[in-house]
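Structure file my_file-v8.pdb (PDB, N, CA and C atoms, pLDDT in the B column) follows.
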```pdb
ATOM      1  N   MET A 177     -28.296  66.976 -44.951  1.00 49.00           N
ATOM      2  CA  MET A 177     -26.962  66.544 -44.575  1.00 49.00           C
ATOM      3  C   MET A 177     -26.032  66.688 -45.779  1.00 49.00           C
ATOM      4  N   VAL A 178     -24.862  67.191 -45.535  1.00 52.00           N
ATOM      5  CA  VAL A 178     -23.875  67.362 -46.588  1.00 52.00           C
ATOM      6  C   VAL A 178     -22.763  66.342 -46.368  1.00 52.00           C
ATOM      7  N   ALA A 179     -22.466  65.574 -47.395  1.00 53.00           N
ATOM      8  CA  ALA A 179     -21.390  64.579 -47.296  1.00 53.00           C
ATOM      9  C   ALA A 179     -20.057  65.248 -47.564  1.00 53.00           C
ATOM     10  N   LYS A 180     -19.085  64.896 -46.753  1.00 58.00           N
ATOM     11  CA  LYS A 180     -17.723  65.390 -46.966  1.00 58.00           C
ATOM     12  C   LYS A 180     -16.891  64.232 -47.498  1.00 58.00           C
ATOM     13  N   TRP A 181     -16.190  64.455 -48.576  1.00 57.00           N
ATOM     14  CA  TRP A 181     -15.353  63.417 -49.154  1.00 57.00           C
ATOM     15  C   TRP A 181     -13.903  63.850 -49.080  1.00 57.00           C
ATOM     16  N   SER A 182     -13.073  62.964 -48.603  1.00 59.00           N
ATOM     17  CA  SER A 182     -11.653  63.245 -48.500  1.00 59.00           C
ATOM     18  C   SER A 182     -10.999  63.095 -49.869  1.00 59.00           C
ATOM     19  N   THR A 183     -10.107  64.007 -50.186  1.00 63.00           N
ATOM     20  CA  THR A 183      -9.371  63.878 -51.438  1.00 63.00           C
ATOM     21  C   THR A 183      -8.023  63.211 -51.210  1.00 63.00           C
ATOM     22  N   GLY A 184      -7.694  62.963 -49.962  1.00 62.00           N
ATOM     23  CA  GLY A 184      -6.420  62.327 -49.623  1.00 62.00           C
ATOM     24  C   GLY A 184      -6.565  60.820 -49.564  1.00 62.00           C
ATOM     25  N   PRO A 185      -5.510  60.158 -49.125  1.00 67.00           N
ATOM     26  CA  PRO A 185      -5.550  58.700 -49.017  1.00 67.00           C
ATOM     27  C   PRO A 185      -6.571  58.261 -47.965  1.00 67.00           C
ATOM     28  N   PRO A 186      -7.121  57.053 -48.124  1.00 69.00           N
ATOM     29  CA  PRO A 186      -8.097  56.576 -47.142  1.00 69.00           C
ATOM     30  C   PRO A 186      -7.464  56.438 -45.756  1.00 69.00           C
ATOM     31  N   LYS A 187      -8.263  56.658 -44.739  1.00 71.00           N
ATOM     32  CA  LYS A 187      -7.773  56.569 -43.357  1.00 71.00           C
ATOM     33  C   LYS A 187      -7.970  55.137 -42.872  1.00 71.00           C
ATOM     34  N   ARG A 188      -6.969  54.346 -43.038  1.00 76.00           N
ATOM     35  CA  ARG A 188      -7.042  52.930 -42.638  1.00 76.00           C
ATOM     36  C   ARG A 188      -5.839  52.584 -41.787  1.00 76.00           C
ATOM     37  N   THR A 189      -6.081  51.693 -40.860  1.00 76.00           N
ATOM     38  CA  THR A 189      -5.007  51.185 -40.028  1.00 76.00           C
ATOM     39  C   THR A 189      -5.246  49.695 -39.849  1.00 76.00           C
ATOM     40  N   LEU A 190      -4.219  48.908 -40.044  1.00 82.00           N
ATOM     41  CA  LEU A 190      -4.319  47.470 -39.830  1.00 82.00           C
ATOM     42  C   LEU A 190      -3.453  47.103 -38.646  1.00 82.00           C
ATOM     43  N   ARG A 191      -4.045  46.452 -37.672  1.00 82.00           N
ATOM     44  CA  ARG A 191      -3.301  45.982 -36.510  1.00 82.00           C
ATOM     45  C   ARG A 191      -3.496  44.478 -36.411  1.00 82.00           C
ATOM     46  N   VAL A 192      -2.442  43.775 -36.131  1.00 85.00           N
ATOM     47  CA  VAL A 192      -2.502  42.331 -35.956  1.00 85.00           C
ATOM     48  C   VAL A 192      -2.287  42.039 -34.477  1.00 85.00           C
ATOM     49  N   VAL A 193      -3.225  41.305 -33.893  1.00 84.00           N
ATOM     50  CA  VAL A 193      -3.102  40.895 -32.503  1.00 84.00           C
ATOM     51  C   VAL A 193      -2.666  39.440 -32.530  1.00 84.00           C
ATOM     52  N   GLU A 194      -1.429  39.223 -32.203  1.00 87.00           N
ATOM     53  CA  GLU A 194      -0.858  37.874 -32.274  1.00 87.00           C
ATOM     54  C   GLU A 194      -1.559  36.916 -31.314  1.00 87.00           C
ATOM     55  N   GLY A 195      -1.902  35.745 -31.831  1.00 90.00           N
ATOM     56  CA  GLY A 195      -2.457  34.682 -31.002  1.00 90.00           C
ATOM     57  C   GLY A 195      -3.966  34.713 -30.864  1.00 90.00           C
ATOM     58  N   GLY A 196      -4.583  35.815 -31.218  1.00 86.00           N
ATOM     59  CA  GLY A 196      -6.030  35.918 -31.059  1.00 86.00           C
ATOM     60  C   GLY A 196      -6.762  35.334 -32.255  1.00 86.00           C
ATOM     61  N   THR A 197      -7.838  34.619 -31.979  1.00 90.00           N
ATOM     62  CA  THR A 197      -8.703  34.130 -33.052  1.00 90.00           C
ATOM     63  C   THR A 197      -9.953  35.007 -33.088  1.00 90.00           C
ATOM     64  N   HIS A 198     -10.744  34.848 -34.114  1.00 90.00           N
ATOM     65  CA  HIS A 198     -11.953  35.654 -34.265  1.00 90.00           C
ATOM     66  C   HIS A 198     -12.803  35.624 -32.990  1.00 90.00           C
ATOM     67  N   MET A 199     -13.042  34.461 -32.458  1.00 93.00           N
ATOM     68  CA  MET A 199     -13.912  34.322 -31.291  1.00 93.00           C
ATOM     69  C   MET A 199     -13.292  34.900 -30.020  1.00 93.00           C
ATOM     70  N   ASP A 200     -11.978  34.964 -29.950  1.00 92.00           N
ATOM     71  CA  ASP A 200     -11.319  35.513 -28.762  1.00 92.00           C
ATOM     72  C   ASP A 200     -11.647  36.983 -28.541  1.00 92.00           C
ATOM     73  N   PHE A 201     -11.992  37.684 -29.595  1.00 90.00           N
ATOM     74  CA  PHE A 201     -12.253  39.114 -29.480  1.00 90.00           C
ATOM     75  C   PHE A 201     -13.620  39.421 -28.869  1.00 90.00           C
ATOM     76  N   TYR A 202     -14.403  38.398 -28.588  1.00 92.00           N
ATOM     77  CA  TYR A 202     -15.692  38.610 -27.926  1.00 92.00           C
ATOM     78  C   TYR A 202     -15.559  38.620 -26.412  1.00 92.00           C
ATOM     79  N   ASP A 203     -14.725  37.736 -25.856  1.00 94.00           N
ATOM     80  CA  ASP A 203     -14.750  37.604 -24.401  1.00 94.00           C
ATOM     81  C   ASP A 203     -13.421  37.267 -23.731  1.00 94.00           C
ATOM     82  N   VAL A 204     -12.330  37.255 -24.452  1.00 95.00           N
ATOM     83  CA  VAL A 204     -11.028  37.026 -23.833  1.00 95.00           C
ATOM     84  C   VAL A 204     -10.382  38.398 -23.648  1.00 95.00           C
ATOM     85  N   LEU A 205     -10.366  38.862 -22.395  1.00 95.00           N
ATOM     86  CA  LEU A 205      -9.954  40.240 -22.123  1.00 95.00           C
ATOM     87  C   LEU A 205      -8.570  40.580 -22.658  1.00 95.00           C
ATOM     88  N   LYS A 206      -7.675  39.626 -22.679  1.00 93.00           N
ATOM     89  CA  LYS A 206      -6.329  39.867 -23.213  1.00 93.00           C
ATOM     90  C   LYS A 206      -6.406  40.422 -24.636  1.00 93.00           C
ATOM     91  N   TYR A 207      -7.314  39.893 -25.431  1.00 93.00           N
ATOM     92  CA  TYR A 207      -7.446  40.312 -26.826  1.00 93.00           C
ATOM     93  C   TYR A 207      -8.412  41.485 -26.989  1.00 93.00           C
ATOM     94  N   VAL A 208      -9.484  41.471 -26.227  1.00 93.00           N
ATOM     95  CA  VAL A 208     -10.454  42.567 -26.296  1.00 93.00           C
ATOM     96  C   VAL A 208      -9.783  43.882 -25.919  1.00 93.00           C
ATOM     97  N   ASP A 209      -8.999  43.866 -24.839  1.00 93.00           N
ATOM     98  CA  ASP A 209      -8.321  45.085 -24.391  1.00 93.00           C
ATOM     99  C   ASP A 209      -7.383  45.646 -25.459  1.00 93.00           C
ATOM    100  N   GLN A 210      -6.657  44.766 -26.147  1.00 91.00           N
ATOM    101  CA  GLN A 210      -5.756  45.224 -27.210  1.00 91.00           C
ATOM    102  C   GLN A 210      -6.537  45.844 -28.366  1.00 91.00           C
ATOM    103  N   ALA A 211      -7.634  45.218 -28.740  1.00 89.00           N
ATOM    104  CA  ALA A 211      -8.434  45.723 -29.849  1.00 89.00           C
ATOM    105  C   ALA A 211      -9.062  47.071 -29.505  1.00 89.00           C
ATOM    106  N   VAL A 212      -9.591  47.196 -28.312  1.00 92.00           N
ATOM    107  CA  VAL A 212     -10.219  48.451 -27.891  1.00 92.00           C
ATOM    108  C   VAL A 212      -9.176  49.562 -27.791  1.00 92.00           C
ATOM    109  N   ALA A 213      -7.997  49.228 -27.288  1.00 92.00           N
ATOM    110  CA  ALA A 213      -6.927  50.225 -27.163  1.00 92.00           C
ATOM    111  C   ALA A 213      -6.538  50.797 -28.527  1.00 92.00           C
ATOM    112  N   GLU A 214      -6.650  50.012 -29.580  1.00 88.00           N
ATOM    113  CA  GLU A 214      -6.358  50.486 -30.927  1.00 88.00           C
ATOM    114  C   GLU A 214      -7.556  51.204 -31.551  1.00 88.00           C
ATOM    115  N   ALA A 215      -8.753  50.715 -31.300  1.00 88.00           N
ATOM    116  CA  ALA A 215      -9.942  51.243 -31.961  1.00 88.00           C
ATOM    117  C   ALA A 215     -10.389  52.599 -31.417  1.00 88.00           C
ATOM    118  N   VAL A 216     -10.339  52.787 -30.106  1.00 91.00           N
ATOM    119  CA  VAL A 216     -10.869  54.022 -29.514  1.00 91.00           C
ATOM    120  C   VAL A 216     -10.169  55.272 -30.055  1.00 91.00           C
ATOM    121  N   PRO A 217      -8.838  55.346 -30.065  1.00 89.00           N
ATOM    122  CA  PRO A 217      -8.207  56.550 -30.609  1.00 89.00           C
ATOM    123  C   PRO A 217      -8.533  56.782 -32.093  1.00 89.00           C
ATOM    124  N   PHE A 218      -8.602  55.713 -32.865  1.00 83.00           N
ATOM    125  CA  PHE A 218      -8.921  55.838 -34.288  1.00 83.00           C
ATOM    126  C   PHE A 218     -10.317  56.434 -34.474  1.00 83.00           C
ATOM    127  N   PHE A 219     -11.305  55.859 -33.788  1.00 85.00           N
ATOM    128  CA  PHE A 219     -12.670  56.356 -33.931  1.00 85.00           C
ATOM    129  C   PHE A 219     -12.824  57.749 -33.341  1.00 85.00           C
ATOM    130  N   THR A 220     -12.152  58.026 -32.249  1.00 88.00           N
ATOM    131  CA  THR A 220     -12.212  59.363 -31.657  1.00 88.00           C
ATOM    132  C   THR A 220     -11.704  60.409 -32.637  1.00 88.00           C
ATOM    133  N   ARG A 221     -10.593  60.122 -33.278  1.00 83.00           N
ATOM    134  CA  ARG A 221     -10.015  61.043 -34.265  1.00 83.00           C
ATOM    135  C   ARG A 221     -10.947  61.239 -35.453  1.00 83.00           C
ATOM    136  N   HIS A 222     -11.405  60.168 -36.035  1.00 78.00           N
ATOM    137  CA  HIS A 222     -12.122  60.252 -37.308  1.00 78.00           C
ATOM    138  C   HIS A 222     -13.605  60.550 -37.167  1.00 78.00           C
ATOM    139  N   LEU A 223     -14.241  60.093 -36.112  1.00 82.00           N
ATOM    140  CA  LEU A 223     -15.654  60.412 -35.934  1.00 82.00           C
ATOM    141  C   LEU A 223     -15.828  61.822 -35.395  1.00 82.00           C
ATOM    142  N   ALA A 224     -14.927  62.263 -34.546  1.00 71.00           N
ATOM    143  CA  ALA A 224     -14.993  63.625 -34.029  1.00 71.00           C
ATOM    144  C   ALA A 224     -14.798  64.621 -35.179  1.00 71.00           C
ATOM    145  N   ALA A 225     -13.931  64.314 -36.111  1.00 60.00           N
ATOM    146  CA  ALA A 225     -13.684  65.193 -37.254  1.00 60.00           C
ATOM    147  C   ALA A 225     -14.913  65.271 -38.157  1.00 60.00           C
ATOM    148  N   ALA A 226     -15.683  64.195 -38.241  1.00 58.00           N
ATOM    149  CA  ALA A 226     -16.864  64.157 -39.103  1.00 58.00           C
ATOM    150  C   ALA A 226     -17.991  65.035 -38.562  1.00 58.00           C
ATOM    151  N   GLN A 227     -17.982  65.309 -37.271  1.00 61.00           N
ATOM    152  CA  GLN A 227     -19.043  66.112 -36.660  1.00 61.00           C
ATOM    153  C   GLN A 227     -18.840  67.604 -36.929  1.00 61.00           C
ATOM    154  N   ASN A 228     -17.651  68.001 -37.287  1.00 55.00           N
ATOM    155  CA  ASN A 228     -17.373  69.444 -37.511  1.00 55.00           C
ATOM    156  C   ASN A 228     -17.809  69.886 -38.869  1.00 55.00           C
TER     157      ASN A 228
END
```

Let's see the structure in the file written out as structure tokens.
Amino acid sequence: MVAKWSTGPPKRTLRVVEGGTHMDFYDVLKYVDQAVAEAVPFFTRHLAAAQN
């Protein structure tokens, strides 16, 4: 396996979900849906790129 290292800035995104507590992200759909909506595109972009 060959590791690829980015020479650019780190790929990070911070999203704040107002009103949600740590435990709410396990089973309160209002918060889970928001978190998943943000996470899926990020992981799709960055994990798909790592496979190439």

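Across the model, the gap from CA of Val212 in chain A to atom N of Arg191 in chain A is 11.7 Å.
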
Grab all the atoms of range 201-211 of chain A that the file lists, wrap them in a box along x, y and z, add 5 Å per side, and give me centre plus edge lengths in Å (one decimal) as JSON.
```
{"center_x": -10.7, "center_y": 42.0, "center_z": -26.0, "size_x": 19.9, "size_y": 20.0, "size_z": 17.7}
```

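One finds CA of Ala215 in chain A at 9.5 Å from CA of Thr189 in chain A.
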
(Q) Using only N, CA and C atoms, which protein or nucleic acid residues come within 8 Å of Gly196 in chain A? Drop anything in the same chain fewer than 4 positions from it, and give the result as a ChimeraX atom specification. (A) /A:192,200-201,206-207

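When atom C of Ala211 in chain A is paired with atom N of Val193 in chain A, their separation reads 9.3 Å.
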